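K.L.:
Okay, here's the structure, questions in a sec.
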Amino acid sequence: TGETVWTSDPLPGDNTSYCSPLLILRGGRRILLNCSSRHGFAVDAQTGKILWTVPMATPYDVNVSTPAYADGQVHFATPHADVGAFRISADGTKIEPAWNTPLDTCTGGFLLADGILYAGGYQKFRHWVGLDWKTGQIRNELRELTTGSAVWADGRLYCMAEDGRAALVTPAAEGFRIAGEKRLT
């Protein structure tokens, strides 16, 4: 009908941001994961009740990277703050830290494939890394390619770097390998 079903109470001192919501199912509960200008948060998708928040303040009051979720764990990232991954309780109403990382993804977001979280950093990491999803430990680093965005297909990353290079990147146990690249003009 287009009628409002629910609204959530605003978080104090917070604004909306550019992040896309992620809908998950945890403990039979539909939960929306998202970021505002100063927090990562979870909302009960049935009622609109905010379940929990994670501080993610930046000097620019904006967070743009959609959270990553798998295996009962969520990862948030923002420039200017070390955030990381959190284990979500079985009923979805609480979180506890799983691991922390200085990976400060800004634009382009990150992606999770085969147990590895891939992302380009912003200030602390101006290159690509692959983090073990369970531990947060760096499994791969690619310093030859600047931060940017990527998609995952056929076991590879198709990266678009901030410096205008498009690259086909193959992750391996010993690190990343650039299979091909082209500067876009």
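Please note that chains go A, B, ... in the order of the structure tokens, that every chain numbers its residues from 1, and that ligands are numbered from 1 in the order shown.
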Taking a cut-off of 10 Å and counting only C-alpha atoms, can you build a table that, for each residue of segment 47-72 of chain A near segment 128-137 of chain A, reports the nearest atom pair and how far apart they are in Å (one decimal), sorted by chain then residue number, as CSV?
P.N.:
```
residue,atom,partner,partner_atom,distance
A:Ala68,CA,A:Trp133,CA,10.0
A:Tyr69,CA,A:Trp133,CA,9.7
A:Ala70,CA,A:Trp133,CA,8.6
A:Asp71,CA,A:Lys134,CA,9.2
```
K.L.:
Name the residues in contact with Tyr60 of chain A at a cut-off of 12 Å, using only C-alpha atoms, excluding same-chain residues fewer than 5 positions from it; report them as a PyMOL selection string.
P.N.:
chain A and resi 14-15+17+36-38+78-80+106
K.L.:
Write out as JSON, numbers by chain all residues of segment 20-147 of chain A that backbone DSSP assigns to strand (DSSP E or B).
P.N.:
{"A": [22, 23, 24, 25, 26, 29, 30, 31, 32, 33, 34, 35, 39, 40, 41, 42, 43, 44, 50, 51, 52, 53, 54, 55, 68, 69, 70, 73, 74, 75, 76, 77, 78, 81, 82, 83, 84, 85, 86, 87, 88, 95, 96, 97, 98, 99, 110, 111, 112, 113, 116, 117, 118, 119, 120, 128, 129, 130, 131, 132, 138, 139, 140, 141, 142]}
K.L.:
Leaving out Ala153 of chain A and any residue of its chain fewer than 6 positions from it, which residues lie within 12 Å of it when counting only C-alpha atoms, given as a PyMOL selection string?
P.N.:
chain A and resi 111-114+159+168-171
K.L.:
Compile the contact shell of Gln46 of chain A as a count of residues only: residues with an atom at most 7 Å away, counting only C-alpha atoms, same-chain residues fewer than 2 positions apart removed.
P.N.:
3
K.L.:
So that I can see what lies close to segment 146-148 of chain A, please list as a list of chain:residue names the residues with an atom at most 9 Å from it, counting only C-alpha atoms and leaving out residues fewer than 2 positions away in the same chain.
P.N.:
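Contacts, with the query itself left out: A:Thr105, A:Cys106, A:Thr107, A:Gly108, A:Gly109, A:Ala119, A:Gly120, A:Gly121, A:Tyr122, A:Phe125, A:Arg126, A:His127, A:Trp128, A:Leu142, A:Arg143, A:Glu144, A:Ala150, A:Cys159, A:Met160, A:Ala161, A:Glu162, A:Asp163, A:Arg165.
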K.L.:
For each of A:Ile116, A:Ala90, A:Ala42, A:Val83, take the minimum atom-to-atom distance to Asp104 of chain A, counting only C-alpha atoms, then give the residue where this is smallest.
P.N.:
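Of A:Ile116, A:Ala90, A:Ala42, A:Val83, the one nearest Asp104 of chain A is A:Val83, counting only C-alpha atoms.
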K.L.:
Using Å and a single decimal, report how far atom CA of Gly92 of chain A sits from atom CA of Leu11 of chain A.
P.N.:
18.9 Å
K.L.:
From the set A:Lys124, A:Gly84, A:Phe110, A:Ala77, which residue has the shortest atom-to-atom contact distance to Thr58 of chain A, counting only C-alpha atoms?
P.N.:
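Going through A:Lys124, A:Gly84, A:Phe110, A:Ala77 one by one, the smallest distance to Thr58 of chain A is for A:Ala77.
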K.L.:
Which residues are close to Thr53 of chain A, i.e. within 10 Å by only C-alpha atoms, leaving aside same-chain residues fewer than 3 positions away? Reply as a PyMOL selection string.
P.N.:
chain A and resi 11+33-36+38-43+50+56+94-95
K.L.:
Save the residues we just selected, N, CA and C atoms, as an mmCIF file, in the first residue's frame?
P.N.:
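Heads up, here's the output in out.cif:
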```cif
data_model
loop_
_atom_site.group_PDB
_atom_site.id
_atom_site.type_symbol
_atom_site.label_atom_id
_atom_site.label_comp_id
_atom_site.auth_asym_id
_atom_site.auth_seq_id
_atom_site.Cartn_x
_atom_site.Cartn_y
_atom_site.Cartn_z
ATOM 1 N N LEU A 11 19.733 7.645 15.944
ATOM 2 C CA LEU A 11 20.823 7.527 16.903
ATOM 3 C C LEU A 11 21.278 8.937 17.272
ATOM 4 N N LEU A 33 21.549 -4.889 8.488
ATOM 5 C CA LEU A 33 22.839 -4.356 8.900
ATOM 6 C C LEU A 33 23.126 -3.152 8.027
ATOM 7 N N ASN A 34 23.630 -2.074 8.631
ATOM 8 C CA ASN A 34 23.899 -0.879 7.844
ATOM 9 C C ASN A 34 24.822 0.046 8.622
ATOM 10 N N CYS A 35 25.160 1.170 8.011
ATOM 11 C CA CYS A 35 25.982 2.196 8.645
ATOM 12 C C CYS A 35 25.287 3.542 8.510
ATOM 13 N N SER A 36 25.371 4.311 9.573
ATOM 14 C CA SER A 36 24.930 5.704 9.541
ATOM 15 C C SER A 36 26.190 6.558 9.441
ATOM 16 N N ARG A 38 27.841 7.821 11.832
ATOM 17 C CA ARG A 38 28.743 7.633 12.971
ATOM 18 C C ARG A 38 28.686 6.242 13.603
ATOM 19 N N HIS A 39 27.903 5.324 13.028
ATOM 20 C CA HIS A 39 27.751 3.992 13.626
ATOM 21 C C HIS A 39 27.542 2.912 12.567
ATOM 22 N N GLY A 40 27.951 1.702 12.908
ATOM 23 C CA GLY A 40 27.439 0.497 12.276
ATOM 24 C C GLY A 40 26.290 0.055 13.170
ATOM 25 N N PHE A 41 25.255 -0.559 12.605
ATOM 26 C CA PHE A 41 24.115 -0.916 13.453
ATOM 27 C C PHE A 41 23.317 -2.064 12.864
ATOM 28 N N ALA A 42 22.456 -2.628 13.726
ATOM 29 C CA ALA A 42 21.528 -3.689 13.328
ATOM 30 C C ALA A 42 20.120 -3.273 13.723
ATOM 31 N N VAL A 43 19.170 -3.528 12.839
ATOM 32 C CA VAL A 43 17.763 -3.201 13.076
ATOM 33 C C VAL A 43 16.930 -4.462 12.850
ATOM 34 N N ILE A 50 16.212 -0.808 16.938
ATOM 35 C CA ILE A 50 17.668 -0.906 16.823
ATOM 36 C C ILE A 50 18.143 -1.917 17.855
ATOM 37 N N MET A 56 31.551 4.355 14.865
ATOM 38 C CA MET A 56 32.361 4.489 13.642
ATOM 39 C C MET A 56 32.459 5.955 13.244
ATOM 40 N N LYS A 94 22.783 -9.112 20.252
ATOM 41 C CA LYS A 94 24.021 -8.638 20.868
ATOM 42 C C LYS A 94 25.197 -8.965 19.953
ATOM 43 N N ILE A 95 26.300 -8.247 20.193
ATOM 44 C CA ILE A 95 27.539 -8.541 19.467
ATOM 45 C C ILE A 95 28.698 -8.559 20.449
#
```
K.L.:
I need the residue nearest Thr66 of chain A from this list: A:Leu157, A:Leu23, A:Asn140, A:Gly175. Use only C-alpha atoms for the distance.
P.N.:
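Among A:Leu157, A:Leu23, A:Asn140, A:Gly175, it is A:Leu23 that comes nearest to Thr66 of chain A.
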K.L.:
Can you work out the spacing between atom CA of Arg183 of chain A and atom CA of Ala166 of chain A in Å, to one decimal?
P.N.:
6.2 Å
K.L.:
Counting only C-alpha atoms, which of A:Thr4, A:Ile31, A:Val151, A:Leu103 gets nearest to Ala81 of chain A?
P.N.:
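Among the listed residues, the smallest separation from Ala81 of chain A belongs to A:Leu103.
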